[in-house]
Each structure stands twice: as structure tokens, then as C-alpha cells.
Amino acid sequence: MQACTLIAHAKINLYLEVLGSRPDGYSEVAMVLQSIQLADRVELKRRQHGIHLSCNHPQVPLDATNLAYRAAELLQKESHSSAGVDIHIEKHIPVAAGLAGGSANAAAVLVGLNQLWGLGLTVGDLQTLGARLGSDIPFCVQGGTQLATGRGEILEPLMDLEGIPLVLAKPRSLGVSTAWAYQTFRSLQVDRTLAARPNDTVSSLPQLLAALERQDPQALANSLRNDLEKPVLAAHAIVGELKTALCSVGALGSLMSGSGPTVFGIMPSLEQASQTRDILRRQFQDVDFWVTQAVPTGILLEPGPPQLSAS
Ligand SMILES: C[C@@](CO)(OP(=O)(O)O)[C@H](O)COP(=O)(O)OP(=O)(O)OC[C@H]1O[C@@H](n2ccc(N)nc2=O)[C@H](O)[C@@H]1O
Ligand SMILES: Nc1ncnc2c1ncn2[C@@H]1O[C@H](COP(=O)(O)OP(=O)(O)O)[C@@H](O)[C@H]1O
């Protein structure tokens, strides 16, 4: 194989509970992650040597800090391969939005180069390598609906939520740093434990897992949780306004995804989702909206052009 194209799906967090701080400086978390249809296209072309990267989005770094570049570099090193690759990323997932765009790109490079360079690595091998670059990458390799624990890299598949309609809303000029969101959450917790005992420590994860089992969208919407909302809402009032607005025009429930600032609403139907998007577009001119839905996979190898037979 000389070239391939991968569809790298974004994710949302249906649940994100911070359980505590770890000695390595990360937070111990319990999350439910869900792949969504919104996706980047990642094109890989074999070359003799070197890793070359291009992208159509001006905010995406093109140097060795790009997660897709780092994934290729790591695979090259670990497989002692001298082969090279041209990587082109066509961005559709907004950047620094809490939707794991960079992690999805890195996961696509791991999956694609495993094929292109004929490395024969298993999904588990790719996830272990991915975890060295970022906590969300192991999820993005496989995708679907999964429970993630540890710092996010320990995964357990859950019943697929395929097809559930969603509206996404992201303030256009706002990005949130993941490190800042976790750090600010941790400092708020320290202040609280000094001042008073926290009263929101009861987990609603069992309710959310039961709602998933029953495939009950309203019960699911009632048990959404994201601890990182607290620092982000305090700093960016628009995030709270978008949550309220989504629920007032048809969403069954609404939550910020990951470290934000993207907010999603769970919708009763795709038709209702389009109506909600159209109403809110008129109301919030500096916000981007998408209608999307839950999908059962993280990375898809796009079928190439039909091969001509030799005869
Ligand atoms: C918040 C979440 C929710 O799915 O996603 P995003 O909003 O970034 O998409 C993830 O936990 C993000 O995963 P990812 O974006 O891979 O983060 P990493 O590169 O591993 O870590 C970036 C920084 O976030 C902090 N971090 C991350 C994960 C974690 N469990 N505890 C942390 O404290 C650390 O400061 C770390 O240096
Ligand atoms: N392939 C990539 N796509 C997007 N951003 C990337 C990529 N590689 C590195 N980055 C950097 O990672 C930061 C976080 O981007 P992203 O993965 O989109 O957001 P999030 O961590 O909120 O899911 C960006 O600000 C950017 O500087």
C-alpha cells in the first residue's frame, strides 16, 4: 500500500468525574467517551525518508509539536523503520475545543501507518503507544462508547449509542487549554476542602451506565456530568449561556465536552436538531453550530478508488 485516507472522528464526554490527584501530576478520572460523526480527514502517502506535515487550518502547528507528527515519529522509532510519510490533515474538528481533534489525528496516523508500513501491530499495541503521547489517544484509536479510567487511558467498551442526534455549539474565537482546566479545577478543590467539605462527591456514573444500557436518551441527558465545567463556566459565561439556550430550544440535556468550550445538546431527533441549530444561529452570531450524531468507531479507513485488475 502506497497511500491511504483515514476518517478521524471527534469525541464528546458524556461524563467526566475527577476522582483525585495522582503522584504523576495528572488527575484520576472516570469518563464516558463517545465518538461523533464530526471528523477530520487524514491522508497518508509513503515517502522514502522523513515526516512531512501539511494542514488547511492556520491554528494547527506544523512542526514536531503536532500530535500527528509525534505519532509518526514514535512509530518510526519503535519499529526501527526508515520509511517516511507525507501527512495531510483536512481539519473539520474545531481546535482546542474539548473534542479531541489532535488526539483523533494522532490515532489516525497510528492506525494508517501500521497498514502503510506493514508493521503488524495490534489495536492494543497502538493504544499503548498512543497513551505515551496523550490520555485521549487510546480511546480515539477504537472509539465508539467507552468507559475510561486512570488518566483516561484504561478503557472498557460500553453499549453503543449509535445514531443519537446532537447539536454542538462552540464560541468561535474561544479555545480552552486542557492543562489549564485540570489545574484550575484542582486549585478550586483545594480551596474548597480548606473552607468546607465538598458536597458534590456522590457519583452519578451508575445512573448514566444504566441509561446507556436501556438506550434511554432522556435518562442519559439527566445523568450527564462534567467536573471541568466549574472552572470553565466561571471564566467564560458564554458556555453556561449556551447550555441554557440549548435546553430552552429542545435539547433533552446539555453539557460541556471535556475541557471545553464546546457544549453539546442531546436531541430527540435529527429534525429537531436542525431546527435548534437554525434558531440558535440567529441568536448567537459569534458561535459555530453543528448537527451531528454518535457513531460506533473512532478511525475509519476510507475505501480507496477501485483497483484495476491486471487482465
Ligand atoms: C479533558 C479531556 C477529556 O476527554 O479531553 P479534551 O478536553 O482535552 O479533549 C482529556 O482528559 C484530556 O486528554 P488529552 O487532551 O489527551 O490530555 P493529555 O495530553 O494527556 O494532558 C494534557 C494536560 O492535561 C492535564 N491532565 C490530562 C488528563 C488527566 N487525566 N489529568 C490531567 O491533569 C495535564 O496537565 C496534562 O499535562
Ligand atoms: N493535529 C492537531 N490538531 C489540532 N491541534 C493540535 C494538533 N497537534 C497539536 N495540536 C495542539 O493541541 C492543542 C489542543 O488541540 P485539540 O486536540 O484540538 O483540542 P482538545 O485538547 O481541546 O481536544 C491545540 O491548541 C494545538 O496547539
# chains A, B, ... in the order shown; residues from 1 in each chain; ligands from 1

call {"tool": "closest_atom_pairs", "arguments": {"of": "chain A", "to": "ligand 2", "cutoff": "7 Å", "atoms": "only C-alpha atoms and all ligand atoms", "output": "tab-separated table"}}
result
residue	atom	partner	partner_atom_place_in_ligand_line	distance
A:Gln59	CA	ligand 2	27 (O)	7.0
A:Val60	CA	ligand 2	5 (N)	5.1
A:Pro61	CA	ligand 2	27 (O)	5.9
A:Thr65	CA	ligand 2	9 (C)	5.9
A:Asn66	CA	ligand 2	8 (N)	3.5
A:Leu67	CA	ligand 2	8 (N)	4.0
A:Ala68	CA	ligand 2	1 (N)	5.2
A:Pro94	CA	ligand 2	18 (O)	6.2
A:Val95	CA	ligand 2	18 (O)	3.6
A:Ala96	CA	ligand 2	19 (O)	3.3
A:Ala97	CA	ligand 2	22 (O)	4.2
A:Gly98	CA	ligand 2	22 (O)	3.4
A:Leu99	CA	ligand 2	23 (O)	4.4
A:Ala100	CA	ligand 2	23 (O)	3.1
A:Gly101	CA	ligand 2	18 (O)	4.1
A:Gly102	CA	ligand 2	17 (O)	3.4
A:Ser103	CA	ligand 2	17 (O)	5.5
A:Asn105	CA	ligand 2	1 (N)	5.2
A:Ala106	CA	ligand 2	1 (N)	6.6
A:Val176	CA	ligand 2	22 (O)	6.4
A:Ser177	CA	ligand 2	22 (O)	6.5
A:Thr178	CA	ligand 2	21 (O)	5.6
A:Ser259	CA	ligand 2	22 (O)	6.0
A:Gly260	CA	ligand 2	22 (O)	6.4

call {"tool": "closest_atom_pairs", "arguments": {"of": "range 86-155 of chain A", "to": "range 39-49 of chain A", "cutoff": "10 Å", "atoms": "only C-alpha atoms", "output": "Markdown table"}}
result
| residue | atom | partner | partner_atom | distance |
| --- | --- | --- | --- | --- |
| A:Asp86 | CA | A:Lys45 | CA | 5.0 |
| A:Ile87 | CA | A:Leu44 | CA | 4.9 |
| A:His88 | CA | A:Glu43 | CA | 5.1 |
| A:Ile89 | CA | A:Val42 | CA | 4.7 |
| A:Glu90 | CA | A:Arg41 | CA | 5.1 |
| A:Lys91 | CA | A:Asp40 | CA | 5.0 |
| A:His92 | CA | A:Asp40 | CA | 5.2 |
| A:Ile93 | CA | A:Ala39 | CA | 5.9 |
| A:Pro94 | CA | A:Asp40 | CA | 9.6 |
| A:Leu99 | CA | A:Ala39 | CA | 9.9 |
| A:Gly101 | CA | A:Asp40 | CA | 7.6 |
| A:Gly102 | CA | A:Asp40 | CA | 9.6 |
| A:Ala104 | CA | A:Asp40 | CA | 8.0 |
| A:Asn105 | CA | A:Val42 | CA | 6.9 |
| A:Ala106 | CA | A:Val42 | CA | 9.5 |
| A:Ala108 | CA | A:Val42 | CA | 6.8 |
| A:Val109 | CA | A:Val42 | CA | 7.6 |
| A:Gly112 | CA | A:Leu44 | CA | 7.2 |
| A:Leu113 | CA | A:Leu44 | CA | 7.7 |
| A:Leu116 | CA | A:Arg46 | CA | 7.0 |
| A:Trp117 | CA | A:Arg46 | CA | 8.0 |

call {"tool": "residues_around", "arguments": {"residues": "range 154-171 of chain A", "least_positions_apart": "6", "cutoff": "6 Å", "atoms": "only C-alpha atoms", "output": "list in words"}}
result
Thr145, Gln146, Leu147, Ala148, Thr262, Val263, Phe264, Gly265, Ile266, Met267, Ser269, Leu270, Ala273, Val287, Asp288, Phe289, Trp290, Val291, Thr292, Gln293, Ala294, Val295 and Pro296 of chain A

call {"tool": "atom_distance", "arguments": {"atom1": "CA of Leu110 in chain A", "atom2": "CA of Leu75 in chain A"}}
result
7.2 Å

call {"tool": "atom_distance", "arguments": {"atom1": "CA of Thr276 in chain A", "atom2": "CA of Gln207 in chain A"}}
result
26.9 Å

call {"tool": "closest_atom_pairs", "arguments": {"of": "chain A", "to": "ligand 1", "cutoff": "8 Å", "atoms": "only C-alpha atoms and all ligand atoms", "output": "tab-separated table"}}
result
residue	atom	partner	partner_atom_place_in_ligand_line	distance
A:Lys11	CA	ligand 1	9 (O)	7.6
A:Ile12	CA	ligand 1	4 (O)	7.3
A:Asn13	CA	ligand 1	4 (O)	6.0
A:Leu16	CA	ligand 1	3 (C)	7.1
A:Ser21	CA	ligand 1	33 (O)	7.9
A:Gly25	CA	ligand 1	33 (O)	6.3
A:Tyr26	CA	ligand 1	33 (O)	3.6
A:Ser27	CA	ligand 1	31 (N)	3.8
A:Glu28	CA	ligand 1	30 (N)	5.5
A:Val29	CA	ligand 1	30 (N)	5.8
A:Met31	CA	ligand 1	4 (O)	7.3
A:Leu33	CA	ligand 1	4 (O)	6.9
A:Ala96	CA	ligand 1	8 (O)	7.4
A:Ala97	CA	ligand 1	7 (O)	6.8
A:Gly98	CA	ligand 1	7 (O)	3.4
A:Leu99	CA	ligand 1	9 (O)	4.7
A:Ala100	CA	ligand 1	9 (O)	3.9
A:Gly101	CA	ligand 1	9 (O)	7.3
A:Gly102	CA	ligand 1	15 (O)	7.9
A:Ser103	CA	ligand 1	16 (O)	6.2
A:Ala131	CA	ligand 1	20 (O)	7.7
A:Leu133	CA	ligand 1	19 (O)	6.6
A:Gly134	CA	ligand 1	20 (O)	3.8
A:Ser135	CA	ligand 1	20 (O)	3.7
A:Asp136	CA	ligand 1	16 (O)	3.9
A:Ile137	CA	ligand 1	16 (O)	6.0
A:Gly150	CA	ligand 1	30 (N)	7.0
A:Arg151	CA	ligand 1	30 (N)	3.6
A:Gly152	CA	ligand 1	30 (N)	5.6
A:Ser177	CA	ligand 1	8 (O)	7.4
A:Thr178	CA	ligand 1	8 (O)	4.7
A:Ala179	CA	ligand 1	24 (O)	3.7
A:Trp180	CA	ligand 1	35 (O)	7.1
A:Ala181	CA	ligand 1	24 (O)	7.6
A:Tyr182	CA	ligand 1	33 (O)	5.0
A:Gln183	CA	ligand 1	35 (O)	6.5
A:Leu228	CA	ligand 1	1 (C)	7.7
A:Ser257	CA	ligand 1	7 (O)	6.5
A:Gly258	CA	ligand 1	7 (O)	3.5
A:Ser259	CA	ligand 1	7 (O)	3.7
A:Gly260	CA	ligand 1	7 (O)	5.8

call {"tool": "closest_residue", "arguments": {"among": "A:Thr297, A:Val249, A:Leu126, A:Tyr69", "to": "Ile279 in chain A", "atoms": "only C-alpha atoms"}}
result
A:Val249

call {"tool": "select_by_dssp", "arguments": {"residues": "range 149-245 of chain A", "states": "alpha helix (DSSP H)", "output": "ChimeraX atom specification"}}
result
/A:178-195,205-214,217-222,229-235,237-245

call {"tool": "select_by_dssp", "arguments": {"residues": "range 168-296 of chain A", "states": "strand (DSSP E)", "output": "MDAnalysis selection string"}}
result
chainID A and resid 168:171 225:226 253:256 263:266 287:293

call {"tool": "write_last_selection", "arguments": {"atoms": "C-alpha atoms", "output": "short mmCIF file (atom, residue, chain, number, x, y, z; two decimals), in the first residue's frame"}}
result
data_model
loop_
_atom_site.label_atom_id
_atom_site.label_comp_id
_atom_site.auth_asym_id
_atom_site.auth_seq_id
_atom_site.Cartn_x
_atom_site.Cartn_y
_atom_site.Cartn_z
CA LEU A 168 -22.67 21.17 19.12
CA ALA A 169 -22.04 24.83 19.96
CA LYS A 170 -18.58 26.42 20.14
CA PRO A 171 -17.82 30.12 20.72
CA ARG A 225 -21.75 15.32 34.39
CA ASN A 226 -18.51 17.18 33.74
CA GLY A 253 -29.96 17.83 28.30
CA SER A 254 -26.74 19.70 27.67
CA LEU A 255 -23.10 19.52 28.84
CA MET A 256 -19.69 20.97 28.09
CA VAL A 263 -21.19 22.43 24.54
CA PHE A 264 -23.42 19.66 23.22
CA GLY A 265 -27.16 19.08 23.47
CA ILE A 266 -28.78 15.64 23.25
CA VAL A 287 -20.85 30.85 17.90
CA ASP A 288 -20.40 27.94 15.47
CA PHE A 289 -23.07 25.21 15.48
CA TRP A 290 -23.08 21.68 14.09
CA VAL A 291 -25.70 18.95 13.85
CA THR A 292 -24.02 15.61 14.35
CA GLN A 293 -24.67 12.18 15.88
#

call {"tool": "closest_residue", "arguments": {"among": "A:Ala237, A:Val202, A:Val85, A:Val141", "to": "Ala3 in chain A", "atoms": "only C-alpha atoms"}}
result
A:Val85

call {"tool": "closest_residue", "arguments": {"among": "A:Val232, A:Leu119, A:Cys55, A:Ala10", "to": "His80 in chain A", "atoms": "only C-alpha atoms"}}
result
A:Leu119

call {"tool": "residues_around", "arguments": {"residues": "Thr128 in chain A", "least_positions_apart": "5", "cutoff": "9 Å", "atoms": "only C-alpha atoms", "output": "compact mmCIF listing (two decimals) with C-alpha atoms, in the first residue's frame"}}
result
# COMPACT_ATOMS: atom_id res chain seq x y z
CA VAL A 123 -5.08 -2.36 18.32
CA PRO A 138 -6.14 5.19 23.17
CA GLU A 153 -6.19 5.54 29.01

call {"tool": "atom_distance", "arguments": {"atom1": "CA of Gly20 in chain A", "atom2": "CA of His236 in chain A"}}
result
24.3 Å
